[in-house]
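Peer 1: This one is upload.cif, mmCIF, C-alpha atoms.
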data_structure
loop_
_atom_site.label_atom_id
_atom_site.label_comp_id
_atom_site.auth_asym_id
_atom_site.auth_seq_id
_atom_site.Cartn_x
_atom_site.Cartn_y
_atom_site.Cartn_z
CA MET A 20 20.96 -3.93 -24.14
CA GLY A 21 20.81 -1.96 -20.87
CA LEU A 22 21.60 1.35 -22.59
CA TRP A 23 19.01 0.67 -25.29
CA MET A 24 16.34 0.05 -22.64
CA HIS A 25 17.35 3.23 -20.82
CA TYR A 26 16.95 5.21 -24.05
CA LEU A 27 13.62 3.55 -24.87
CA CYS A 28 12.07 4.30 -21.50
CA SER A 29 13.25 7.89 -21.45
CA ASN A 30 11.64 8.63 -24.77
CA VAL A 31 8.44 6.62 -24.44
CA LEU A 32 7.68 7.97 -20.99
CA GLY A 33 8.06 11.43 -22.47
CA LEU A 34 4.88 10.85 -24.49
CA LEU A 35 2.58 10.90 -21.47
CA LYS A 36 -0.37 13.28 -21.72
CA LEU A 37 -2.20 15.40 -19.23
CA LEU A 38 -5.75 15.65 -17.99
CA GLN A 39 -7.59 18.05 -15.76
CA PHE A 40 -10.01 17.22 -12.93
CA LEU A 41 -13.45 18.71 -12.44
CA THR A 42 -15.25 18.64 -9.10
CA LEU A 43 -18.86 17.64 -9.53
CA SER A 44 -20.51 16.99 -6.19
CA TRP A 45 -20.86 18.36 -2.69
CA SER A 46 -20.80 14.87 -1.17
CA PRO A 47 -18.49 14.68 1.87
CA PHE A 48 -16.60 11.83 0.19
CA LEU A 49 -16.56 12.74 -3.50
CA GLU A 50 -13.36 14.46 -4.55
CA ALA A 51 -13.12 14.64 -8.35
CA THR A 52 -14.25 13.13 -11.63
CA VAL A 53 -12.45 13.37 -14.93
CA PHE A 54 -13.64 13.87 -18.50
CA PRO A 55 -10.65 13.11 -20.78
CA SER A 56 -12.55 13.99 -23.95
CA SER A 57 -13.09 17.56 -22.73
CA VAL A 58 -9.37 18.25 -22.35
CA PRO A 59 -7.24 19.40 -25.32
CA HIS A 60 -4.79 16.84 -26.63
CA VAL A 61 -1.46 18.19 -25.37
CA LYS A 62 1.82 16.67 -26.48
CA ALA A 63 4.29 17.13 -23.65
CA SER A 64 7.83 18.20 -24.53
CA TYR A 65 9.36 16.84 -21.34
CA SER A 66 10.88 13.56 -20.25
CA PHE A 67 8.91 12.09 -17.38
CA GLY A 68 12.21 11.04 -15.88
CA ARG A 69 13.60 7.75 -14.72
CA THR A 70 14.81 9.33 -11.50
CA PHE A 71 11.40 10.77 -10.67
CA LEU A 72 9.64 7.44 -11.20
CA GLY A 73 12.41 5.57 -9.39
CA LEU A 74 12.51 2.81 -11.99
CA ASP A 75 16.20 2.00 -11.59
CA LYS A 76 17.49 3.16 -14.97
CA CYS A 77 14.01 2.18 -16.19
CA ASN A 78 14.92 -1.28 -17.47
CA ALA A 79 13.54 -2.87 -14.30
CA CYS A 80 10.13 -1.69 -15.50
CA ILE A 81 10.23 -3.16 -19.01
CA GLY A 82 7.54 -5.77 -19.50
CA THR A 83 5.48 -5.03 -16.41
CA SER A 84 1.80 -4.28 -16.68
CA ILE A 85 2.23 -0.79 -15.29
CA CYS A 86 4.95 0.07 -17.83
CA LYS A 87 2.66 -1.00 -20.66
CA LYS A 88 -0.12 1.16 -19.24
CA PHE A 89 2.14 4.20 -19.22
CA PHE A 90 3.35 3.53 -22.76
CA LYS A 91 -0.20 3.10 -24.09
CA GLU A 92 -1.36 6.19 -22.19
CA GLU A 93 -3.94 4.22 -20.25
CA ILE A 94 -2.69 6.02 -17.16
CA ARG A 95 -2.69 9.80 -17.37
CA PHE A 96 -1.75 12.36 -14.79
CA ASP A 97 -3.39 15.32 -13.15
CA ASN A 98 -2.49 18.82 -14.34
CA TRP A 99 0.57 19.25 -12.08
CA LEU A 100 2.57 19.41 -15.32
CA ALA A 101 0.17 21.46 -17.40
CA SER A 102 1.39 25.01 -16.75
CA HIS A 103 5.10 24.73 -17.40
CA LEU A 104 5.56 21.08 -18.43
CA LYS A 105 7.87 20.51 -15.50
CA LEU A 106 8.26 17.55 -13.20
CA PRO A 107 6.34 17.83 -9.91
CA PRO A 108 8.20 18.34 -6.62
CA ASN A 109 10.15 15.23 -5.70
CA TYR A 110 9.05 15.27 -2.08
CA PHE A 111 5.38 14.54 -2.80
CA PRO A 112 4.51 10.98 -1.70
CA SER A 113 1.67 10.58 -4.21
CA TYR A 114 0.00 12.20 -7.22
CA SER A 115 -3.49 12.07 -8.74
CA GLY A 116 -4.14 10.46 -12.09
CA ASN A 117 -6.70 8.64 -14.19
CA TYR A 118 -6.87 5.10 -15.52
CA THR A 119 -8.83 3.36 -18.26
CA ASP A 120 -9.33 -0.19 -19.47
CA ASP A 121 -11.18 0.74 -22.67
CA ALA A 122 -10.06 4.32 -23.56
CA LYS A 123 -13.64 5.50 -22.93
CA SER A 124 -14.35 5.43 -19.22
CA TRP A 125 -11.81 6.78 -16.76
CA ARG A 126 -11.50 6.52 -12.99
CA LEU A 127 -9.47 8.26 -10.36
CA VAL A 128 -6.20 6.57 -9.40
CA GLU A 129 -3.31 7.33 -7.12
CA ILE A 130 0.31 7.20 -8.29
CA SER A 131 2.40 6.71 -5.18
CA ARG A 132 6.04 6.39 -4.30
CA LEU A 133 7.04 3.25 -2.45
CA THR A 134 9.98 5.11 -0.92
CA THR A 135 10.82 8.76 -0.49
CA LYS A 136 13.20 10.46 -2.90
CA TYR A 137 15.83 10.58 -0.15
CA GLN A 138 15.41 6.88 0.64
CA HIS A 139 15.85 5.76 -2.94
CA ASP A 140 18.85 8.04 -3.49
CA GLN A 141 20.49 6.60 -0.40
CA ALA A 142 19.62 3.05 -1.47
CA ASP A 143 21.22 3.56 -4.88
CA LYS A 144 24.42 4.79 -3.23
CA ARG A 145 24.48 1.77 -0.92
CA ILE A 146 23.95 -0.62 -3.82
CA CYS A 147 26.77 0.86 -5.89
CA ALA A 148 29.13 1.06 -2.92
CA SER A 149 28.41 -2.51 -1.81
CA LEU A 150 30.12 -4.20 -4.75
CA SER A 151 31.24 -1.80 -7.44
CA LYS A 152 32.76 0.74 -5.01
CA THR A 153 31.55 3.59 -7.24
CA LYS A 154 28.98 6.38 -6.87
CA THR A 155 26.98 5.29 -9.93
CA CYS A 156 26.49 1.86 -11.42
CA SER A 157 24.01 -0.49 -13.06
CA ILE A 158 21.77 -1.27 -10.10
CA GLU A 159 20.46 -4.43 -11.71
CA ARG A 160 23.95 -5.75 -12.52
CA VAL A 161 25.14 -5.24 -8.95
CA LEU A 162 22.08 -6.84 -7.36
CA ARG A 163 22.36 -9.87 -9.65
CA LYS A 164 25.81 -10.62 -8.22
CA THR A 165 24.66 -10.77 -4.61
CA GLU A 166 24.67 -14.00 -2.65
CA ARG A 167 20.96 -13.68 -1.89
CA PHE A 168 19.91 -13.33 -5.51
CA GLN A 169 22.11 -16.24 -6.55
CA LYS A 170 20.15 -18.36 -4.05
CA TRP A 171 16.91 -17.05 -5.58
CA LEU A 172 18.07 -18.13 -9.04
CA LYS A 173 18.61 -21.71 -7.86
CA ALA A 174 15.45 -21.92 -5.76
CA LYS A 175 12.37 -23.70 -7.04
CA ARG A 176 10.18 -22.40 -4.25
CA LEU A 177 10.15 -19.23 -2.15
CA THR A 178 11.16 -20.34 1.35
CA PRO A 179 11.71 -18.44 4.62
CA ASP A 180 15.51 -18.49 4.31
CA LEU A 181 15.27 -16.51 1.03
CA VAL A 182 13.60 -13.56 2.77
CA GLN A 183 15.64 -13.56 5.99
CA GLY A 184 16.63 -10.08 7.04
CA LEU A 185 14.28 -8.19 4.74
CA PRO A 186 12.95 -5.20 6.72
CA SER A 187 9.22 -5.48 5.99
CA PRO A 188 7.00 -6.37 8.97
CA MET A 189 5.17 -8.74 6.63
CA LEU A 190 8.30 -10.91 6.34
CA ARG A 191 9.56 -10.93 9.91
CA CYS A 192 8.12 -14.37 10.62
CA PRO A 193 6.69 -15.66 7.31
CA SER A 194 5.06 -19.06 7.04
CA GLN A 195 5.51 -21.27 4.01
CA ARG A 196 1.79 -20.87 3.36
CA LEU A 197 2.18 -17.09 3.13
CA LEU A 198 5.24 -17.29 0.85
CA ASP A 199 3.44 -19.74 -1.45
CA ARG A 200 0.57 -17.27 -1.65
CA ILE A 201 2.98 -14.52 -2.73
CA VAL A 202 4.35 -16.58 -5.63
CA ARG A 203 0.99 -18.00 -6.66
CA ARG A 204 -0.67 -14.57 -6.81
CA TYR A 205 2.18 -12.42 -8.06
CA ALA A 206 0.42 -10.42 -10.77
CA GLU A 207 3.44 -9.20 -12.75
CA VAL A 208 4.14 -12.53 -14.47
CA PRO A 209 2.17 -14.66 -16.93
CA ASP A 210 0.87 -18.07 -15.91
CA ALA A 211 0.60 -17.20 -12.22
CA GLY A 212 -1.05 -19.85 -10.06
CA SER A 213 1.77 -22.19 -9.11
CA ILE A 214 3.57 -22.15 -5.77
CA TYR A 215 6.79 -23.00 -7.64
CA MET A 216 8.89 -20.30 -9.30
CA GLY A 217 9.51 -22.08 -12.59
CA HIS A 218 7.35 -19.55 -14.47
CA LEU A 219 9.44 -16.62 -13.21
CA THR A 220 12.32 -15.41 -15.37
CA ASP A 221 15.55 -14.22 -13.76
CA ARG A 222 14.35 -10.63 -14.09
CA ASP A 223 10.93 -11.55 -12.63
CA LYS A 224 12.69 -12.98 -9.58
CA LEU A 225 14.85 -9.89 -9.16
CA ARG A 226 11.82 -7.63 -9.54
CA LEU A 227 9.88 -9.60 -6.90
CA LEU A 228 12.84 -9.64 -4.51
CA TYR A 229 13.38 -5.91 -5.02
CA THR A 230 9.72 -5.11 -4.28
CA LEU A 231 9.71 -7.30 -1.18
CA SER A 232 12.84 -5.49 0.00
CA VAL A 233 11.69 -1.92 -0.69
CA ASN A 234 7.99 -1.98 0.24
CA THR A 235 5.56 -4.91 0.48
CA HIS A 236 2.48 -2.72 -0.03
CA PRO A 237 2.06 -3.80 -3.71
CA ILE A 238 2.46 -7.46 -2.78
CA LEU A 239 -0.18 -7.30 -0.05
CA LEU A 240 -2.66 -5.75 -2.48
CA GLN A 241 -2.04 -8.61 -4.93
CA ILE A 242 -2.25 -11.54 -2.51
CA PHE A 243 -5.19 -10.16 -0.48
CA PRO A 244 -7.23 -8.46 -3.22
CA GLU A 245 -10.09 -6.04 -2.77
CA ALA A 246 -12.25 -8.30 -4.98
CA GLU A 247 -12.18 -10.97 -2.25
CA GLY A 248 -13.33 -8.56 0.43
CA TRP A 249 -9.99 -7.48 1.86
CA PRO A 250 -9.88 -3.82 2.95
CA PHE A 251 -7.31 -2.63 0.40
CA PRO A 252 -7.64 -0.46 -2.72
CA LYS A 253 -7.58 -2.22 -6.08
CA TYR A 254 -4.07 -2.95 -7.33
CA LEU A 255 -3.46 -1.67 -10.85
CA GLY A 256 0.29 -2.18 -11.15
CA SER A 257 3.70 -1.36 -9.72
CA CYS A 258 7.29 -1.15 -10.80
CA GLY A 259 10.53 -0.14 -9.15
CA ARG A 260 9.51 2.42 -6.54
CA LEU A 261 6.14 3.34 -8.03
CA ILE A 262 2.62 1.91 -7.54
CA VAL A 263 -0.75 2.75 -9.08
CA THR A 264 -3.92 1.96 -7.13
CA ALA A 265 -7.55 3.01 -7.06
CA GLY A 266 -7.76 6.54 -5.71
CA THR A 267 -8.68 7.32 -2.11
CA ARG A 268 -8.59 10.38 0.13
CA PRO A 269 -6.52 10.12 3.34
CA LEU A 270 -8.32 9.94 6.66
CA LYS A 271 -6.73 13.20 7.83
CA GLU A 272 -8.93 15.10 5.38
CA PHE A 273 -11.96 14.00 7.43
CA TYR A 274 -10.85 15.07 10.90
CA SER A 275 -13.15 18.09 10.71
CA SER A 276 -16.08 16.16 9.21
CA PRO A 277 -19.60 16.35 10.74
CA PRO A 278 -20.58 13.91 13.51
CA GLU A 279 -22.45 11.43 11.29
CA VAL A 280 -19.45 11.09 8.96
CA ALA A 281 -16.97 10.84 11.84
CA ALA A 282 -19.03 8.12 13.55
CA ASP A 283 -19.31 6.15 10.31
CA LEU A 284 -15.57 6.30 9.59
CA ALA A 285 -14.61 5.43 13.16
CA PHE A 286 -16.97 2.45 13.06
CA GLN A 287 -15.41 1.24 9.80
CA LEU A 288 -11.89 1.76 11.11
CA LEU A 289 -12.41 -0.32 14.25
CA SER A 290 -14.27 -2.99 12.27
CA ILE A 291 -11.36 -3.30 9.83
CA VAL A 292 -8.81 -3.63 12.63
CA ASN A 293 -10.95 -6.35 14.23
CA SER A 294 -11.35 -8.22 10.94
CA MET A 295 -7.60 -8.13 10.36
CA ARG A 296 -7.08 -9.73 13.76
CA ASN A 297 -9.64 -12.47 13.18
CA ASN A 298 -10.51 -13.77 9.70
CA ASP A 299 -11.36 -16.98 7.88
CA MET A 300 -7.84 -17.26 6.41
CA ASN A 301 -6.34 -17.55 9.90
CA TYR A 302 -3.84 -14.74 9.32
CA PHE A 303 -3.27 -12.27 12.13
CA PHE A 304 -2.54 -8.82 10.67
CA TYR A 305 -1.05 -6.21 12.96
CA PHE A 306 0.25 -2.67 12.48
CA VAL A 307 3.70 -1.61 13.62
CA HIS A 308 2.80 2.04 12.96
CA VAL A 309 -0.28 4.06 11.98
CA ASP A 310 -0.67 7.68 10.97
CA ALA A 311 -3.13 9.96 9.19
CA GLY A 312 -2.20 8.48 5.80
CA THR A 313 -2.55 4.81 6.72
CA PHE A 314 -6.27 4.74 5.93
CA GLY A 315 -8.16 6.24 3.01
CA ILE A 316 -11.75 6.77 1.92
CA PHE A 317 -13.30 6.12 -1.48
CA ASN A 318 -15.84 8.46 -3.06
CA ASN A 319 -18.67 6.22 -1.87
CA GLY A 320 -17.60 6.60 1.76
CA LEU A 321 -15.98 3.18 2.12
CA LEU A 322 -12.82 3.15 4.24
CA PHE A 323 -9.78 1.10 3.20
CA ILE A 324 -6.19 0.54 4.28
CA ARG A 325 -4.38 3.02 2.08
CA ASP A 326 -0.82 2.12 3.09
CA ALA A 327 -0.17 -1.52 3.95
CA SER A 328 3.61 -1.15 4.26
CA THR A 329 3.47 -1.19 8.07
CA LEU A 330 1.34 -4.34 8.30
CA GLY A 331 2.86 -7.45 9.77
CA ILE A 332 1.39 -10.92 9.32
CA ILE A 333 1.48 -13.91 11.65
CA ASP A 334 0.10 -17.19 10.34
CA LYS A 335 -2.06 -18.56 13.16
CA GLN A 336 -2.52 -21.81 11.23
CA GLU A 337 1.18 -22.63 10.87
CA GLY A 338 2.58 -20.55 13.71
CA LEU A 339 5.89 -18.65 13.87
CA GLN A 340 8.48 -19.97 11.43
CA MET A 341 11.59 -17.86 12.03
CA THR A 342 13.94 -17.76 14.99
CA ASP A 343 15.67 -14.69 16.33
CA GLY A 344 19.04 -16.02 15.14
CA GLN A 345 17.79 -16.25 11.58
CA GLN A 346 16.54 -12.67 11.66
CA GLU A 347 20.06 -11.35 12.36
CA TYR A 348 21.10 -12.05 8.75
CA LYS A 349 21.39 -8.80 6.76
CA ASP A 350 22.66 -7.80 3.33
CA ILE A 351 22.18 -4.98 0.81
CA PHE A 352 18.52 -6.00 0.34
CA SER A 353 17.98 -5.33 4.05
CA CYS A 354 18.99 -1.69 3.54
CA LEU A 355 17.07 -0.51 0.45
CA ALA A 356 14.39 1.35 2.42
CA SER A 357 15.55 1.40 6.03
CA ASP A 358 18.51 1.90 8.31
CA CYS A 359 20.67 -1.21 8.17
CA GLN A 360 21.47 -0.81 11.87
CA SER A 361 17.86 -1.04 13.02
CA ALA A 362 17.00 -4.15 14.98
CA PHE A 363 14.01 -6.26 13.97
CA PRO A 364 11.33 -6.66 16.66
CA ASN A 365 10.66 -10.17 17.82
CA CYS A 366 7.40 -11.59 16.44
CA ASN A 367 6.71 -13.15 19.84
CA SER A 368 6.43 -9.63 21.26
CA VAL A 369 3.36 -8.80 19.12
CA ARG A 370 0.22 -8.51 21.21
CA GLU A 371 -3.41 -9.04 20.15
CA LYS A 372 -4.29 -5.51 21.27
CA GLN A 373 -1.44 -3.80 19.37
CA SER A 374 -3.37 -2.40 16.41
CA LEU A 375 -6.39 -1.40 18.51
CA VAL A 376 -4.20 0.56 20.92
CA MET A 377 -2.52 2.38 18.04
CA VAL A 378 -5.70 3.54 16.31
CA CYS A 379 -7.31 4.47 19.64
CA GLN A 380 -4.24 6.53 20.56
CA GLU A 381 -3.32 8.11 17.23
CA LEU A 382 -6.38 8.35 14.97
CA LEU A 383 -9.76 8.09 16.65
CA PRO A 384 -9.34 11.02 19.10
CA LYS A 385 -8.64 13.35 16.16
CA LEU A 386 -11.74 12.05 14.38
CA LEU A 387 -14.17 11.94 17.33
CA LYS A 388 -13.07 14.64 19.79
CA GLY A 389 -15.78 17.15 20.65
CA LYS A 390 -18.14 16.01 17.89
CA PHE A 391 -21.13 14.81 19.92
CA LEU A 392 -23.53 16.01 22.61
CA GLN A 393 -23.40 14.70 26.15
CA PRO A 394 -23.68 12.03 27.44
CA VAL A 395 -22.64 10.39 24.14
CA GLN A 396 -19.31 12.25 23.94
CA GLU A 397 -18.48 11.26 27.51
CA LYS A 398 -19.06 7.57 26.70
CA ILE A 399 -16.94 7.81 23.54
CA ASP A 400 -14.09 9.45 25.43
CA ARG A 401 -14.22 6.82 28.20
CA PHE A 402 -14.10 3.90 25.76
CA LEU A 403 -11.26 5.58 23.85
CA ARG A 404 -9.19 5.97 27.04
CA LEU A 405 -9.61 2.28 27.84
CA CYS A 406 -8.88 1.19 24.27
CA ALA A 407 -5.75 3.37 24.08
CA ASP A 408 -4.26 2.11 27.36
CA SER A 409 -1.33 -0.11 26.38
CA PHE A 410 -0.93 -1.29 30.00
CA ARG A 411 -4.31 -2.99 30.05
CA ALA A 412 -4.78 -6.65 29.22
CA ASP A 413 -5.58 -7.64 25.64
CA GLN A 414 -9.13 -8.62 26.54
CA GLU A 415 -9.82 -5.34 28.34
CA VAL A 416 -8.71 -3.35 25.30
CA SER A 417 -10.74 -5.59 23.01
CA ASP A 418 -13.85 -5.22 25.20
CA ALA A 419 -13.54 -1.42 25.22
CA ALA A 420 -13.18 -1.37 21.44
CA GLY A 421 -16.22 -3.63 21.12
CA LYS A 422 -18.36 -1.30 23.23
CA LEU A 423 -17.17 1.69 21.21
CA ILE A 424 -18.09 -0.12 17.97
CA GLU A 425 -21.63 -0.75 19.28
CA LEU A 426 -22.03 2.89 20.27
CA LEU A 427 -20.72 4.18 16.92
CA LYS A 428 -23.03 1.86 15.01
CA SER A 429 -26.01 3.36 16.81
CA LEU A 430 -24.87 6.81 15.63
CA GLN A 431 -24.69 5.87 11.95
CA SER A 432 -27.27 7.45 9.67
CA CYS A 433 -28.79 5.72 6.66
CA ASP A 434 -28.92 8.04 3.68
CA SER A 435 -27.45 8.47 0.20
CA HIS A 436 -24.33 10.28 1.45
CA PHE A 437 -23.07 6.86 2.53
CA ALA A 438 -23.34 5.21 -0.87
CA TYR A 439 -21.26 2.15 0.08
CA ARG A 440 -24.14 0.92 2.29
CA TYR A 441 -27.16 2.72 0.91
CA PRO A 442 -29.94 1.69 0.32
CA ASP A 443 -28.96 -1.67 1.86
CA CYS A 444 -28.88 -0.06 5.30
CA LYS A 445 -32.64 0.46 5.05
CA TYR A 446 -33.30 -3.27 4.85
CA SER A 447 -30.42 -5.04 6.63
CA ASP A 448 -29.17 -5.02 10.21
CA LYS A 449 -25.67 -5.62 8.83
CA TYR A 450 -25.46 -1.88 8.13
#
Starting from the file, give its structure as structure tokens.

Peer 2:
Amino acid sequence: MGLWMHYLCSNVLGLLKLLQFLTLSWSPFLEATVFPSSVPHVKASYSFGRTFLGLDKCNACIGTSICKKFFKEEIRFDNWLASHLKLPPNYFPSYSGNYTDDAKSWRLVEISRLTTKYQHDQADKRICASLSKTKTCSIERVLRKTERFQKWLKAKRLTPDLVQGLPSPMLRCPSQRLLDRIVRRYAEVPDAGSIYMGHLTDRDKLRLLYTLSVNTHPILLQIFPEAEGWPFPKYLGSCGRLIVTAGTRPLKEFYSSPPEVAADLAFQLLSIVNSMRNNDMNYFFYFVHVDAGTFGIFNNGLLFIRDASTLGIIDKQEGLQMTDGQQEYKDIFSCLASDCQSAFPNCNSVREKQSLVMVCQELLPKLLKGKFLQPVQEKIDRFLRLCADSFRADQEVSDAAGKLIELLKSLQSCDSHFAYRYPDCKYSDKY
């Protein structure tokens, strides 16, 4: 059965077709729009490649929504294959594509790796060496034999002990309420909605465990969806080491943007960080790392969290659930995307100011430096220094960020370039 699935995926994925992008607007946010009907129907003579997609011999992908989209050609890729029908460079973290629900209207999407090529090659070697003692093996067969997965098979409910030692910040101190939310909202199975795992097949459980071990970004997008107001791009599907989401442009592309755009993006960025610290669901979200690719911008100017893999979650309603002793447990699932020797930070060490300090140190200076006339620039720089000072008390950092938010809001302009809040900004103080 495994070999048949390998053969099926190799051939069906080889039927993917290509589209080209056309740039239509001079808007500071708009990147590209696609017209599939204007592009010749090209039959590709290449195999898209199980290794490139990172689908673990491909059979891990069978039955998922994203696999069906690829097979039905409802996800098509940018013209990085058009000239020579070759696979793109393996080191790219993401690729542009287009997605449709009705084969008529298409929208920009992003096809992203959940791990780097090097990480997934190393993970495969570790998996095979852990039990089979060989260089190559059936990844799925080996993982099924592990002690952790055998516990998953017997479990009726996802509990903290089943995710002990997984490297994601999201799972360092998970509450039962958070784990129930994962199972209830897991989008890759039919009949989702129950906190119990009776509706998950053995393969569903392995797929969920594998995703939680490699990168929790797809899970976060499913359990805190954009449709409910969370600052994440829309989740369209994931499988193995691949995810497809609504397309955004990384924040780093806006470092040289004009003052009104920079002020708007900085205001949104600080507002998002504040909302992730304090929200109606009583979850405290914190970053363990931020960089120029953590945040992205849609064509309408709206800023989102583009990479949620470095987000940790503490349930303020239920409190910390895991002790330091429990976190010492490690197995092969602890090593699929990280160094097995790395120590897990203590959840009690997370400070309220942590995310604010990071964005004020790493991102906002690159976005706001030298953009404004005096005395406005002087005020911005002073608030940034206070906000970025990790030695200051939580409240001092929060106060500085609050003053910077007020100043940035006063610098926002209300015009059609900021489509996410126009024309509402003409009539509401909210914008």

Peer 1: Within 10 Å of A:Lys449, counting all atoms listed in the file, which residues show up once you throw out same-chain ones fewer than 5 positions away? Write them as number ranges by chain, please.

Peer 2: A: 440, 443-444

Peer 1: Using all atoms listed in the file, determine which residues lie at most 7 Å from stretch 307-313 of chain A, disregarding the query and same-chain residues fewer than 6 positions distant; provide the list as JSON, numbers by chain.

Peer 2: {"A": [269, 270, 271, 324, 325, 326, 329, 330, 377, 378, 381, 382]}

Peer 1: Name the residues that the PyMOL selection byres ((chain A and resi 367-374) around 6) pulls out of this structure, and write them as a VMD selection string.

Peer 2: chain A and resid 305 to 306 365 to 366 375 to 377 413

Peer 1: Counting all atoms listed in the file, which residues of stretch 360-421 of chain A sit at most 12 Å from some atom of stretch 276-289 of chain A, and what is each one's closest atom pair with its distance in Å to one decimal, listed by chain and rising residue number, as CSV?

Peer 2:
residue,atom,partner,partner_atom,distance
A:Lys372,CA,A:Leu289,CA,11.9
A:Ser374,CA,A:Leu289,CA,9.5
A:Leu375,CA,A:Leu289,CA,7.5
A:Val376,CA,A:Leu289,CA,10.6
A:Met377,CA,A:Leu289,CA,10.9
A:Val378,CA,A:Leu289,CA,8.0
A:Cys379,CA,A:Leu289,CA,8.8
A:Leu382,CA,A:Ala285,CA,8.9
A:Leu383,CA,A:Ala285,CA,6.5
A:Pro384,CA,A:Ala285,CA,9.7
A:Lys385,CA,A:Ala281,CA,9.7
A:Leu386,CA,A:Ala281,CA,5.9
A:Leu387,CA,A:Ala281,CA,6.3
A:Lys388,CA,A:Ala281,CA,9.6
A:Gly389,CA,A:Pro278,CA,9.2
A:Lys390,CA,A:Pro278,CA,5.4
A:Phe391,CA,A:Pro278,CA,6.5
A:Leu392,CA,A:Pro278,CA,9.8
A:Val395,CA,A:Pro278,CA,11.4
A:Gln396,CA,A:Pro278,CA,10.6
A:Ile399,CA,A:Ala282,CA,10.2
A:Leu403,CA,A:Ala285,CA,11.2
A:Cys406,CA,A:Leu289,CA,10.7
A:Ser417,CA,A:Leu289,CA,10.4
A:Ala419,CA,A:Leu289,CA,11.1
A:Ala420,CA,A:Leu289,CA,7.3
A:Gly421,CA,A:Leu289,CA,8.5

Peer 1: Pull C-alpha atoms from the residues just selected and write them as a PDB file, keeping the file's coordinate frame.

Peer 2:
ATOM      1  CA  LYS A 372      -4.290  -5.510  21.270  1.00  0.00           C
ATOM      2  CA  SER A 374      -3.370  -2.400  16.410  1.00  0.00           C
ATOM      3  CA  LEU A 375      -6.390  -1.400  18.510  1.00  0.00           C
ATOM      4  CA  VAL A 376      -4.200   0.560  20.920  1.00  0.00           C
ATOM      5  CA  MET A 377      -2.520   2.380  18.040  1.00  0.00           C
ATOM      6  CA  VAL A 378      -5.700   3.540  16.310  1.00  0.00           C
ATOM      7  CA  CYS A 379      -7.310   4.470  19.640  1.00  0.00           C
ATOM      8  CA  LEU A 382      -6.380   8.350  14.970  1.00  0.00           C
ATOM      9  CA  LEU A 383      -9.760   8.090  16.650  1.00  0.00           C
ATOM     10  CA  PRO A 384      -9.340  11.020  19.100  1.00  0.00           C
ATOM     11  CA  LYS A 385      -8.640  13.350  16.160  1.00  0.00           C
ATOM     12  CA  LEU A 386     -11.740  12.050  14.380  1.00  0.00           C
ATOM     13  CA  LEU A 387     -14.170  11.940  17.330  1.00  0.00           C
ATOM     14  CA  LYS A 388     -13.070  14.640  19.790  1.00  0.00           C
ATOM     15  CA  GLY A 389     -15.780  17.150  20.650  1.00  0.00           C
ATOM     16  CA  LYS A 390     -18.140  16.010  17.890  1.00  0.00           C
ATOM     17  CA  PHE A 391     -21.130  14.810  19.920  1.00  0.00           C
ATOM     18  CA  LEU A 392     -23.530  16.010  22.610  1.00  0.00           C
ATOM     19  CA  VAL A 395     -22.640  10.390  24.140  1.00  0.00           C
ATOM     20  CA  GLN A 396     -19.310  12.250  23.940  1.00  0.00           C
ATOM     21  CA  ILE A 399     -16.940   7.810  23.540  1.00  0.00           C
ATOM     22  CA  LEU A 403     -11.260   5.580  23.850  1.00  0.00           C
ATOM     23  CA  CYS A 406      -8.880   1.190  24.270  1.00  0.00           C
ATOM     24  CA  SER A 417     -10.740  -5.590  23.010  1.00  0.00           C
ATOM     25  CA  ALA A 419     -13.540  -1.420  25.220  1.00  0.00           C
ATOM     26  CA  ALA A 420     -13.180  -1.370  21.440  1.00  0.00           C
ATOM     27  CA  GLY A 421     -16.220  -3.630  21.120  1.00  0.00           C
TER      28      GLY A 421
END

Peer 1: Between atom CA of A:Cys258 and atom CA of A:Lys173, what is the distance in Å, rounded to a tenth?

Peer 2: 23.7 Å

Peer 1: Which polymer residues have any atom within 7 Å of an atom of A:Thr267, counting all atoms listed in the file, with same-chain residues fewer than 6 positions away left out, as a VMD selection string?

Peer 2: chain A and resid 315 to 317

Peer 1: For each of A:Leu423, A:Phe402, A:His218, A:Asp350, take the minimum atom-to-atom distance to A:Glu166, counting all atoms listed in the file, then give the residue where this is smallest.

Peer 2: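 Going through A:Leu423, A:Phe402, A:His218, A:Asp350 one by one, the smallest distance to A:Glu166 is for A:Asp350.
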
Peer 1: Could you expand the PyMOL selection byres ((chain A and resi 351-358) around 7) into the explicit residues it covers here, written as a compact mmCIF listing (two decimals) with C-alpha atoms, keeping the file's coordinate frame?

Peer 2:
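Result saved to expr_12.txt:
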# COMPACT_ATOMS: atom_id res chain seq x y z
CA THR A 134 9.98 5.11 -0.92
CA GLN A 138 15.41 6.88 0.64
CA ALA A 142 19.62 3.05 -1.47
CA ILE A 146 23.95 -0.62 -3.82
CA GLY A 184 16.63 -10.08 7.04
CA LEU A 185 14.28 -8.19 4.74
CA PRO A 186 12.95 -5.20 6.72
CA SER A 232 12.84 -5.49 0.00
CA VAL A 233 11.69 -1.92 -0.69
CA LYS A 349 21.39 -8.80 6.76
CA ASP A 350 22.66 -7.80 3.33
CA CYS A 359 20.67 -1.21 8.17
CA GLN A 360 21.47 -0.81 11.87
CA SER A 361 17.86 -1.04 13.02

Peer 1: Just to confirm, what's the straight-line distance from atom CA of A:Tyr205 to atom CA of A:Leu227 in Å (one decimal)?

Peer 2: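 Atom-to-atom, atom CA of A:Tyr205 to atom CA of A:Leu227, that is 8.3 Å.
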